[in-house]
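Here's target.cif, which has mmCIF, C-alpha atoms:
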```
data_query
#
loop_
_atom_site.group_PDB
_atom_site.id
_atom_site.type_symbol
_atom_site.label_atom_id
_atom_site.label_comp_id
_atom_site.auth_asym_id
_atom_site.auth_seq_id
_atom_site.Cartn_x
_atom_site.Cartn_y
_atom_site.Cartn_z
ATOM 1 C CA MET A 1 0.000 0.000 0.000
ATOM 2 C CA GLN A 2 2.897 2.254 0.881
ATOM 3 C CA SER A 3 4.628 1.527 -2.434
ATOM 4 C CA ASN A 4 1.364 2.337 -4.249
ATOM 5 C CA ASP A 5 1.268 5.679 -2.475
ATOM 6 C CA SER A 6 4.876 6.440 -3.387
ATOM 7 C CA ASP A 7 4.170 5.409 -6.994
ATOM 8 C CA ALA A 8 1.194 7.753 -7.086
ATOM 9 C CA THR A 9 3.325 10.555 -5.674
ATOM 10 C CA GLU A 10 6.020 9.950 -8.285
ATOM 11 C CA ILE A 11 3.451 9.854 -11.082
ATOM 12 C CA GLU A 12 1.881 13.080 -9.868
ATOM 13 C CA SER A 13 5.313 14.657 -9.818
ATOM 14 C CA LEU A 14 5.973 13.481 -13.388
ATOM 15 C CA TYR A 15 2.609 14.931 -14.388
ATOM 16 C CA ARG A 16 3.513 18.308 -12.937
ATOM 17 C CA GLN A 17 6.892 18.150 -14.652
ATOM 18 C CA HIS A 18 5.885 16.931 -18.124
ATOM 19 C CA GLY A 19 2.104 17.402 -18.188
ATOM 20 C CA SER A 20 2.148 20.539 -20.323
ATOM 21 C CA ALA A 21 4.536 19.071 -22.939
ATOM 22 C CA LEU A 22 2.544 15.843 -23.002
ATOM 23 C CA LEU A 23 -0.654 17.799 -23.454
ATOM 24 C CA LEU A 24 0.869 19.752 -26.331
ATOM 25 C CA PHE A 25 2.094 16.520 -27.906
ATOM 26 C CA ALA A 26 -1.370 14.955 -27.566
ATOM 27 C CA ALA A 27 -2.999 18.070 -29.037
ATOM 28 C CA SER A 28 -0.555 18.014 -31.952
ATOM 29 C CA ILE A 29 -1.812 14.494 -32.791
ATOM 30 C CA ALA A 30 -5.492 14.821 -31.855
ATOM 31 C CA GLY A 31 -5.914 18.388 -33.105
ATOM 32 C CA ASP A 32 -8.232 19.112 -30.226
ATOM 33 C CA ARG A 33 -7.005 20.201 -26.813
ATOM 34 C CA GLY A 34 -10.036 18.777 -24.996
ATOM 35 C CA ARG A 35 -9.469 15.274 -26.356
ATOM 36 C CA ALA A 36 -5.758 15.651 -25.734
ATOM 37 C CA HIS A 37 -6.429 16.576 -22.127
ATOM 38 C CA ASP A 38 -8.697 13.542 -21.638
ATOM 39 C CA ALA A 39 -6.105 11.224 -23.156
ATOM 40 C CA VAL A 40 -3.254 12.539 -20.989
ATOM 41 C CA GLN A 41 -5.281 12.321 -17.789
ATOM 42 C CA GLN A 42 -6.474 8.823 -18.629
ATOM 43 C CA VAL A 43 -2.886 7.724 -19.170
ATOM 44 C CA PHE A 44 -1.782 9.077 -15.797
ATOM 45 C CA LEU A 45 -4.742 7.724 -13.869
ATOM 46 C CA LYS A 46 -4.219 4.318 -15.442
ATOM 47 C CA LEU A 47 -0.544 4.426 -14.534
ATOM 48 C CA ILE A 48 -1.449 5.175 -10.918
ATOM 49 C CA GLU A 49 -3.957 2.331 -10.949
ATOM 50 C CA ASP A 50 -1.778 -0.300 -12.648
ATOM 51 C CA GLY A 51 1.655 0.772 -11.449
ATOM 52 C CA ASN A 52 3.177 -0.024 -14.870
ATOM 53 C CA LEU A 53 5.551 2.935 -14.712
ATOM 54 C CA ARG A 54 7.823 0.968 -12.346
ATOM 55 C CA GLN A 55 8.875 -1.264 -15.260
ATOM 56 C CA ALA A 56 9.783 1.651 -17.545
ATOM 57 C CA VAL A 57 13.500 2.372 -17.857
ATOM 58 C CA ASP A 58 13.089 5.773 -19.514
ATOM 59 C CA LYS A 59 10.024 7.107 -17.753
ATOM 60 C CA LYS A 60 9.750 10.343 -19.684
ATOM 61 C CA ALA A 61 9.909 8.622 -23.083
ATOM 62 C CA TYR A 62 7.492 5.980 -21.794
ATOM 63 C CA LEU A 63 4.978 8.680 -20.857
ATOM 64 C CA PHE A 64 5.157 10.221 -24.332
ATOM 65 C CA ALA A 65 4.713 6.772 -25.890
ATOM 66 C CA CYS A 66 1.674 6.057 -23.679
ATOM 67 C CA VAL A 67 0.078 9.383 -24.580
ATOM 68 C CA ARG A 68 0.724 8.842 -28.287
ATOM 69 C CA ASN A 69 -0.858 5.369 -28.149
ATOM 70 C CA ALA A 70 -3.836 6.652 -26.183
ATOM 71 C CA VAL A 71 -4.542 9.450 -28.668
ATOM 72 C CA LEU A 72 -4.067 7.228 -31.720
ATOM 73 C CA ASN A 73 -6.362 4.586 -30.201
ATOM 74 C CA GLU A 74 -8.977 7.194 -29.476
ATOM 75 C CA ILE A 75 -8.801 8.455 -33.067
ATOM 76 C CA LYS A 76 -9.082 4.875 -34.328
ATOM 77 C CA VAL A 77 -12.030 4.030 -32.083
ATOM 78 C CA GLN A 78 -13.894 7.224 -32.961
ATOM 79 C CA GLN A 79 -12.997 6.683 -36.630
ATOM 80 C CA ARG A 80 -12.459 10.360 -37.061
ATOM 81 C CA ASN A 81 -9.949 12.445 -38.948
ATOM 82 C CA THR A 82 -7.714 14.868 -37.129
ATOM 83 C CA VAL A 83 -9.222 18.338 -37.388
ATOM 84 C CA PHE A 84 -7.237 21.169 -35.839
ATOM 85 C CA ASP A 85 -9.281 23.504 -33.770
ATOM 86 C CA PRO A 86 -8.166 27.046 -34.611
ATOM 87 C CA ASP A 87 -9.779 28.493 -31.479
ATOM 88 C CA SER A 88 -7.943 26.574 -28.799
ATOM 89 C CA ALA A 89 -4.516 27.949 -27.934
ATOM 90 C CA TRP A 90 -1.623 25.600 -27.316
ATOM 91 C CA PHE A 91 1.019 28.031 -26.095
ATOM 92 C CA ASN A 92 1.670 30.918 -23.778
ATOM 93 C CA PRO A 93 3.306 33.253 -26.308
ATOM 94 C CA PRO A 94 6.261 35.448 -25.398
ATOM 95 C CA ASP A 95 5.273 39.070 -24.718
ATOM 96 C CA ARG A 96 1.618 38.028 -24.986
ATOM 97 C CA ASP A 97 1.976 37.974 -28.731
ATOM 98 C CA TYR A 98 -1.158 35.963 -29.466
ATOM 99 C CA ALA A 99 -0.879 36.599 -33.175
ATOM 100 C CA ALA A 100 2.500 34.852 -33.115
ATOM 101 C CA GLU A 101 0.934 31.974 -31.150
ATOM 102 C CA LEU A 102 -1.754 31.554 -33.784
ATOM 103 C CA ASN A 103 0.894 31.816 -36.477
ATOM 104 C CA LEU A 104 2.988 29.080 -34.865
ATOM 105 C CA ARG A 105 -0.027 26.830 -34.330
ATOM 106 C CA ARG A 106 -1.118 27.213 -37.940
ATOM 107 C CA ALA A 107 2.406 26.511 -39.147
ATOM 108 C CA LEU A 108 2.544 23.381 -36.986
ATOM 109 C CA CYS A 109 -0.830 22.203 -38.254
ATOM 110 C CA VAL A 110 0.225 22.284 -41.904
ATOM 111 C CA LEU A 111 3.254 20.077 -41.211
ATOM 112 C CA PRO A 112 2.932 16.370 -41.993
ATOM 113 C CA ASP A 113 1.986 14.339 -38.891
ATOM 114 C CA ASP A 114 5.355 12.625 -38.497
ATOM 115 C CA GLN A 115 7.300 15.911 -38.787
ATOM 116 C CA ARG A 116 4.964 17.743 -36.409
ATOM 117 C CA GLN A 117 5.391 15.004 -33.810
ATOM 118 C CA VAL A 118 9.185 15.142 -34.083
ATOM 119 C CA ILE A 119 9.228 18.945 -33.727
ATOM 120 C CA VAL A 120 6.993 18.889 -30.654
ATOM 121 C CA LEU A 121 8.908 16.019 -29.055
ATOM 122 C CA HIS A 122 12.304 17.653 -29.574
ATOM 123 C CA VAL A 123 11.549 21.337 -28.970
ATOM 124 C CA TRP A 124 8.951 21.213 -26.215
ATOM 125 C CA GLY A 125 9.229 17.605 -25.000
ATOM 126 C CA GLU A 126 13.009 17.939 -24.876
ATOM 127 C CA LEU A 127 13.510 14.360 -26.008
ATOM 128 C CA THR A 128 16.716 13.392 -27.777
ATOM 129 C CA PHE A 129 16.616 12.029 -31.333
ATOM 130 C CA SER A 130 17.458 8.617 -29.926
ATOM 131 C CA GLN A 131 14.425 8.737 -27.598
ATOM 132 C CA ILE A 132 12.241 10.022 -30.429
ATOM 133 C CA ALA A 133 13.514 7.239 -32.688
ATOM 134 C CA ASP A 134 12.520 4.595 -30.125
ATOM 135 C CA LEU A 135 9.156 6.193 -29.582
ATOM 136 C CA LEU A 136 8.248 6.490 -33.265
ATOM 137 C CA ASP A 137 9.969 3.242 -34.219
ATOM 138 C CA VAL A 138 12.298 4.865 -36.750
ATOM 139 C CA SER A 139 16.077 5.286 -36.851
ATOM 140 C CA SER A 140 17.766 8.200 -35.094
ATOM 141 C CA ASN A 141 18.896 9.525 -38.473
ATOM 142 C CA THR A 142 15.320 9.509 -39.737
ATOM 143 C CA ALA A 143 14.158 11.333 -36.628
ATOM 144 C CA ALA A 144 16.913 13.958 -37.007
ATOM 145 C CA SER A 145 16.219 14.358 -40.699
ATOM 146 C CA ARG A 146 12.483 14.776 -40.120
ATOM 147 C CA TYR A 147 13.281 17.395 -37.528
ATOM 148 C CA ARG A 148 15.433 19.433 -39.895
ATOM 149 C CA TYR A 149 12.850 19.315 -42.676
ATOM 150 C CA ALA A 150 10.136 20.275 -40.216
ATOM 151 C CA LEU A 151 12.170 23.126 -38.756
ATOM 152 C CA ALA A 152 12.879 24.514 -42.226
ATOM 153 C CA LYS A 153 9.220 24.283 -43.222
ATOM 154 C CA LEU A 154 8.096 25.839 -39.978
ATOM 155 C CA ARG A 155 10.495 28.739 -40.325
ATOM 156 C CA GLU A 156 9.476 29.278 -43.912
ATOM 157 C CA SER A 157 5.792 29.111 -43.046
ATOM 158 C CA MET A 158 6.048 31.400 -40.023
ATOM 159 C CA CYS A 159 8.411 33.904 -41.505
ATOM 160 C CA ALA A 160 6.295 34.265 -44.613
ATOM 161 C CA LYS A 161 3.674 35.836 -42.345
ATOM 162 C CA GLU A 162 5.810 37.376 -39.689
ATOM 163 C CA ASP A 163 8.949 39.262 -40.619
ATOM 164 C CA SER A 164 10.122 39.510 -37.050
ATOM 165 C CA CYS A 165 10.844 35.788 -36.811
ATOM 166 C CA ALA A 166 13.287 35.973 -39.689
ATOM 167 C CA ASN A 167 15.922 36.974 -37.209
ATOM 168 C CA SER A 168 14.385 34.676 -34.622
ATOM 169 C CA ARG A 169 14.292 37.427 -32.033
ATOM 170 C CA SER A 170 17.627 36.458 -30.647
ATOM 171 C CA MET B 1 13.646 14.901 -51.793
ATOM 172 C CA PRO B 2 16.060 17.834 -51.761
ATOM 173 C CA THR B 3 18.009 18.381 -48.570
ATOM 174 C CA PRO B 4 17.137 21.717 -47.003
ATOM 175 C CA ASP B 5 19.933 24.194 -46.575
ATOM 176 C CA LEU B 6 21.191 23.653 -43.083
ATOM 177 C CA ASP B 7 22.319 26.660 -41.305
ATOM 178 C CA ASP B 8 23.071 25.427 -37.802
ATOM 179 C CA GLU B 9 23.250 28.842 -36.265
ATOM 180 C CA ARG B 10 19.953 29.899 -37.835
ATOM 181 C CA ASP B 11 18.375 26.619 -36.768
ATOM 182 C CA GLU B 12 19.521 27.107 -33.209
ATOM 183 C CA ARG B 13 18.230 30.660 -33.130
ATOM 184 C CA PHE B 14 14.891 29.584 -34.542
ATOM 185 C CA GLU B 15 14.726 26.698 -32.068
ATOM 186 C CA ALA B 16 15.405 29.111 -29.206
ATOM 187 C CA TYR B 17 12.654 31.354 -30.562
ATOM 188 C CA LEU B 18 10.221 28.421 -30.633
ATOM 189 C CA LYS B 19 11.105 27.490 -27.065
ATOM 190 C CA ARG B 20 9.978 30.891 -25.901
ATOM 191 C CA PHE B 21 6.448 29.679 -26.605
ATOM 192 C CA ARG B 22 5.620 27.749 -23.445
ATOM 193 C CA PRO B 23 3.036 24.962 -23.755
ATOM 194 C CA LEU B 24 -0.101 25.771 -21.765
ATOM 195 C CA ALA B 25 -0.140 24.109 -18.370
ATOM 196 C CA ALA B 26 -2.190 20.970 -17.912
ATOM 197 C CA GLU B 27 -5.003 20.990 -15.404
ATOM 198 C CA PRO B 28 -4.220 19.128 -12.176
ATOM 199 C CA LEU B 29 -4.954 15.424 -12.057
ATOM 200 C CA PRO B 30 -8.377 14.667 -10.545
ATOM 201 C CA MET B 31 -6.795 12.639 -7.743
ATOM 202 C CA GLU B 32 -9.724 13.150 -5.383
ATOM 203 C CA ASN B 33 -12.192 11.712 -7.869
ATOM 204 C CA PHE B 34 -9.749 8.957 -8.615
ATOM 205 C CA SER B 35 -9.241 7.945 -4.998
ATOM 206 C CA ARG B 36 -12.990 8.139 -4.399
ATOM 207 C CA ALA B 37 -13.589 5.929 -7.424
ATOM 208 C CA THR B 38 -10.893 3.520 -6.260
ATOM 209 C CA ARG B 39 -12.391 3.371 -2.773
ATOM 210 C CA ARG B 40 -15.852 2.834 -4.260
ATOM 211 C CA ARG B 41 -14.522 0.047 -6.456
ATOM 212 C CA PHE B 42 -12.803 -1.550 -3.450
ATOM 213 C CA VAL B 43 -16.002 -1.447 -1.382
ATOM 214 C CA PHE B 44 -17.995 -2.857 -4.291
ATOM 215 C CA THR B 45 -15.450 -5.657 -4.763
ATOM 216 C CA ALA B 46 -15.514 -6.470 -1.065
ATOM 217 C CA TRP B 47 -19.309 -6.642 -1.042
ATOM 218 C CA ALA B 48 -19.344 -8.757 -4.196
ATOM 219 C CA ALA B 49 -16.789 -11.153 -2.687
ATOM 220 C CA ALA B 50 -18.792 -11.429 0.537
ATOM 221 C CA ALA B 51 -22.000 -12.079 -1.412
ATOM 222 C CA ALA B 52 -20.253 -14.724 -3.515
ATOM 223 C CA VAL B 53 -18.948 -16.488 -0.385
ATOM 224 C CA ILE B 54 -22.380 -16.448 1.234
ATOM 225 C CA LEU B 55 -23.965 -17.806 -1.935
ATOM 226 C CA LEU B 56 -21.348 -20.535 -2.196
ATOM 227 C CA VAL B 57 -21.831 -21.566 1.433
ATOM 228 C CA ALA B 58 -25.601 -21.621 0.951
ATOM 229 C CA VAL B 59 -25.350 -23.760 -2.176
ATOM 230 C CA LEU B 60 -22.920 -26.175 -0.530
ATOM 231 C CA THR B 61 -25.090 -26.435 2.572
ATOM 232 C CA PHE B 62 -28.165 -27.087 0.480
ATOM 233 C CA HIS B 63 -26.413 -29.814 -1.489
ATOM 234 C CA LEU B 64 -24.659 -31.489 1.415
ATOM 235 C CA ARG B 65 -27.480 -31.519 3.925
ATOM 236 C CA PRO B 66 -29.541 -34.481 2.537
ATOM 237 C CA ASN B 67 -26.426 -36.595 2.071
ATOM 238 C CA ARG B 68 -25.279 -35.924 5.617
ATOM 239 C CA ASN B 69 -28.707 -36.823 6.948
ATOM 240 C CA HIS B 70 -28.651 -40.119 5.178
ATOM 241 C CA SER B 71 -25.087 -41.068 5.990
ATOM 242 C CA SER B 72 -24.876 -39.890 9.594
ATOM 243 C CA ASP B 73 -28.289 -41.130 10.486
ATOM 244 C CA GLY B 74 -27.499 -44.842 10.018
ATOM 245 C CA SER B 75 -30.964 -45.856 11.262
ATOM 246 C CA GLY B 76 -32.129 -47.456 8.113
ATOM 247 C CA SER B 77 -32.942 -44.366 6.077
ATOM 248 C CA LEU B 78 -32.225 -44.928 2.431
ATOM 249 C CA ALA B 79 -31.076 -42.695 -0.396
ATOM 250 C CA GLY B 80 -32.779 -42.955 -3.753
ATOM 251 C CA GLY B 81 -31.850 -46.035 -5.716
ATOM 252 C CA GLU B 82 -30.729 -48.063 -2.658
ATOM 253 C CA GLN B 83 -32.228 -51.393 -1.879
ATOM 254 C CA LEU B 84 -32.904 -52.990 1.452
ATOM 255 C CA THR B 85 -30.626 -55.916 2.121
ATOM 256 C CA ASP B 86 -31.794 -59.175 3.508
ATOM 257 C CA GLN B 87 -30.348 -58.338 6.892
ATOM 258 C CA GLN B 88 -32.158 -54.993 7.169
ATOM 259 C CA PRO B 89 -35.579 -55.200 8.725
ATOM 260 C CA LEU B 90 -38.420 -53.558 6.824
ATOM 261 C CA THR B 91 -39.550 -50.748 9.060
ATOM 262 C CA ILE B 92 -42.103 -48.015 8.481
ATOM 263 C CA GLY B 93 -39.234 -45.515 8.243
ATOM 264 C CA SER B 94 -37.298 -47.442 5.619
ATOM 265 C CA ALA B 95 -40.492 -48.159 3.665
ATOM 266 C CA ASN B 96 -41.292 -44.439 3.697
ATOM 267 C CA ASP B 97 -37.809 -43.661 2.453
ATOM 268 C CA LEU B 98 -38.147 -46.169 -0.313
ATOM 269 C CA LEU B 99 -41.474 -44.682 -1.386
ATOM 270 C CA VAL B 100 -40.084 -41.158 -1.259
ATOM 271 C CA HIS B 101 -36.999 -41.874 -3.298
ATOM 272 C CA ALA B 102 -38.276 -44.472 -5.731
ATOM 273 C CA PRO B 103 -39.677 -43.222 -9.038
ATOM 274 C CA SER B 104 -42.851 -45.279 -8.604
ATOM 275 C CA VAL B 105 -44.614 -47.456 -6.048
ATOM 276 C CA LYS B 106 -43.776 -50.508 -8.148
ATOM 277 C CA ALA B 107 -40.101 -49.602 -8.124
ATOM 278 C CA ALA B 108 -40.250 -49.145 -4.350
ATOM 279 C CA LEU B 109 -41.837 -52.540 -3.874
ATOM 280 C CA ASP B 110 -39.230 -54.093 -6.146
ATOM 281 C CA ARG B 111 -36.566 -52.887 -3.787
ATOM 282 C CA VAL B 112 -38.148 -54.504 -0.732
ATOM 283 C CA PRO B 113 -36.640 -57.948 -0.095
ATOM 284 C CA PHE B 114 -39.416 -60.393 0.536
ATOM 285 C CA HIS B 115 -37.959 -63.330 2.377
ATOM 286 C CA PRO B 116 -38.894 -66.723 1.006
ATOM 287 C CA GLN B 117 -41.142 -68.710 3.300
ATOM 288 C CA SER B 118 -38.732 -71.074 4.812
ATOM 289 C CA THR B 119 -40.618 -72.053 7.962
ATOM 290 C CA GLN B 120 -40.944 -75.783 8.164
ATOM 291 C CA LEU B 121 -44.425 -76.966 9.259
ATOM 292 C CA PRO B 122 -44.681 -79.905 11.663
ATOM 293 C CA LYS B 123 -45.806 -83.217 10.205
ATOM 294 C CA GLY B 124 -49.554 -83.563 9.664
ATOM 295 C CA LYS B 125 -50.133 -79.824 9.603
ATOM 296 C CA GLN B 126 -50.826 -77.781 6.549
ATOM 297 C CA SER B 127 -50.333 -74.213 5.741
ATOM 298 C CA ALA B 128 -53.570 -72.248 5.802
ATOM 299 C CA LEU B 129 -52.564 -70.560 2.564
ATOM 300 C CA ALA B 130 -52.057 -73.933 0.908
ATOM 301 C CA VAL B 131 -55.492 -75.131 2.058
ATOM 302 C CA LEU B 132 -57.192 -71.995 0.871
ATOM 303 C CA SER B 133 -55.490 -72.201 -2.461
ATOM 304 C CA GLU B 134 -56.705 -75.753 -2.858
ATOM 305 C CA ASP B 135 -60.259 -74.517 -2.068
ATOM 306 C CA ASN B 136 -59.900 -71.929 -4.779
ATOM 307 C CA ASP B 137 -58.928 -74.637 -7.214
ATOM 308 C CA LYS B 138 -62.095 -76.562 -6.349
ATOM 309 C CA LEU B 139 -64.240 -73.524 -6.923
#
```

Turn the structure described in the file into structure tokens.
Amino acid sequence: MQSNDSDATEIESLYRQHGSALLLFAASIAGDRGRAHDAVQQVFLKLIEDGNLRQAVDKKAYLFACVRNAVLNEIKVQQRNTVFDPDSAWFNPPDRDYAAELNLRRALCVLPDDQRQVIVLHVWGELTFSQIADLLDVSSNTAASRYRYALAKLRESMCAKEDSCANSRS
Amino acid sequence: MPTPDLDDERDERFEAYLKRFRPLAAEPLPMENFSRATRRRFVFTAWAAAAAVILLVAVLTFHLRPNRNHSSDGSGSLAGGEQLTDQQPLTIGSANDLLVHAPSVKAALDRVPFHPQSTQLPKGKQSALAVLSEDNDKL
């Protein structure tokens, strides 16, 4: 019982630490923040219930994999296509620049699914290409290559609308 | 597919720019609801287990009781299908048991051992049954 409590505490701590990145990752697959939120919470509650996290070597990567599976299963069960909701924000933009937030979200949404997932996992999930490769079942080189293509497309797409990002506000 | 021009410094700057967008925080986990649901499930499971045990005990008791009566009793009560042996006396109790458990009255009677008349009559005396049967023949 005590180990269950400590597991639950650890899982809650992981949720506080990675919850926002996981939610963003789920939203980038589901297209809808509400569904993403449900999927992430279900994953965590199930982990508390089953205690499967104990077996995971790389807990962070395992959490991202669980969330990805949960969202993909939900999409499969509902037999629906991913439709990105333009009204639900995904980010807290710097300097409250909500136009830039919308711009980034739109640019992310036009990326192919596999590239969008790699970008989100590497930039906001802070996973290495090796972790991403394991998660998406591709080679590390493929993951890195997808990332570079995605980054180039994203920059092109964002900077076409917003001059200020051309210099990346360094 | 053409390889995009890779400008590491530009990529890093753009990556740093992207990181300035912080993902929106997730709502806290509904731990209270979860623990309540877990507790409710535990109570339900406990009640279900208790009900199952009670049901099992009741079923076993119901099935074992008649057998125990018959075997522990030892006073001549008979289970269905048994037959009285020659040594067992035919009592009202055992006859009742036979009638209760046999599928028909005929079957019950078939299970009763009728001893053959082995009593030897003294010389010069006749059995009343034999005399009467002779009278019947005359009629």

If I take CA of Ser145 (chain A) and CA of Gln115 (chain A), how far is one from the other in Å, to one decimal?
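Taking CA of Ser145 (chain A) and CA of Gln115 (chain A), their separation equals 9.3 Å.
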
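You will find CA of Val110 (chain A) at 22.1 Å from CA of Leu135 (chain A).
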
Check which residues satisfy the PyMOL selection byres ((chain A) within 6 of (chain B)) in the file shown, then give them as a ChimeraX atom specification.
/A:19-20,90-94,168

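Closest approach to Val138 (chain A) among A:Val57, A:Ala26, A:Val118, A:Cys66 is made by A:Val118 (distances from all atoms listed in the file).
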
List as a count of residues only the protein and nucleic acid residues near Thr128 (chain A), meaning an atom at most 10 Å away when all atoms listed in the file are counted, but skip any in the same chain fewer than 5 places from it.
9

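Applied to the shown file, the PyMOL selection byres ((chain A and resi 51-54) around 9) selects the residues A:Asn4, A:Asp7, A:Ala8, A:Ile11, A:Lys46, A:Leu47, A:Ile48, A:Glu49, A:Asp50, A:Gln55, A:Ala56, A:Val57, A:Lys59, A:Tyr62, A:Leu63.
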
The PyMOL selection byres ((chain A and resi 86) around 12) applied to the shown file, residues as a PyMOL selection string
chain A and resi 27+31-33+83-85+87-90+101-109

Of A:Lys153, A:Arg80, A:His18, A:Arg96, the one nearest to Arg116 (chain A) when counting only C-alpha atoms is A:Lys153

How many Å separate CA of Leu64 (chain B) from CA of Ala49 (chain B)?
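The value is 22.2 Å.
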
Residue completion, region 60-75 of chain A, N, CA and C atoms, as a tab-separated table (two decimals), in the frame of the given file:
```tsv
chain	number	residue	atom	x	y	z
A	60	LYS	N	10.25	9.20	-18.90
A	60	LYS	CA	9.75	10.34	-19.68
A	60	LYS	C	9.33	9.88	-21.08
A	61	ALA	N	10.21	9.12	-21.73
A	61	ALA	CA	9.91	8.62	-23.08
A	61	ALA	C	8.70	7.69	-23.04
A	62	TYR	N	8.62	6.91	-21.95
A	62	TYR	CA	7.49	5.98	-21.79
A	62	TYR	C	6.17	6.75	-21.71
A	63	LEU	N	6.20	7.87	-20.98
A	63	LEU	CA	4.98	8.68	-20.86
A	63	LEU	C	4.54	9.22	-22.22
A	64	PHE	N	5.50	9.71	-23.00
A	64	PHE	CA	5.16	10.22	-24.33
A	64	PHE	C	4.60	9.09	-25.21
A	65	ALA	N	5.19	7.91	-25.09
A	65	ALA	CA	4.71	6.77	-25.89
A	65	ALA	C	3.29	6.39	-25.49
A	66	CYS	N	3.03	6.40	-24.17
A	66	CYS	CA	1.67	6.06	-23.68
A	66	CYS	C	0.65	7.05	-24.21
A	67	VAL	N	1.01	8.33	-24.14
A	67	VAL	CA	0.08	9.38	-24.58
A	67	VAL	C	-0.18	9.24	-26.08
A	68	ARG	N	0.88	9.00	-26.83
A	68	ARG	CA	0.72	8.84	-28.29
A	68	ARG	C	-0.23	7.67	-28.59
A	69	ASN	N	0.00	6.53	-27.92
A	69	ASN	CA	-0.86	5.37	-28.15
A	69	ASN	C	-2.30	5.66	-27.77
A	70	ALA	N	-2.47	6.35	-26.65
A	70	ALA	CA	-3.84	6.65	-26.18
A	70	ALA	C	-4.57	7.52	-27.20
A	71	VAL	N	-3.88	8.54	-27.71
A	71	VAL	CA	-4.54	9.45	-28.67
A	71	VAL	C	-4.83	8.71	-29.98
A	72	LEU	N	-3.86	7.95	-30.46
A	72	LEU	CA	-4.07	7.23	-31.72
A	72	LEU	C	-5.20	6.20	-31.59
A	73	ASN	N	-5.26	5.54	-30.43
A	73	ASN	CA	-6.36	4.59	-30.20
A	73	ASN	C	-7.70	5.29	-30.20
A	74	GLU	N	-7.71	6.45	-29.55
A	74	GLU	CA	-8.98	7.19	-29.48
A	74	GLU	C	-9.43	7.61	-30.88
A	75	ILE	N	-8.48	8.05	-31.69
A	75	ILE	CA	-8.80	8.46	-33.07
A	75	ILE	C	-9.33	7.25	-33.85
```
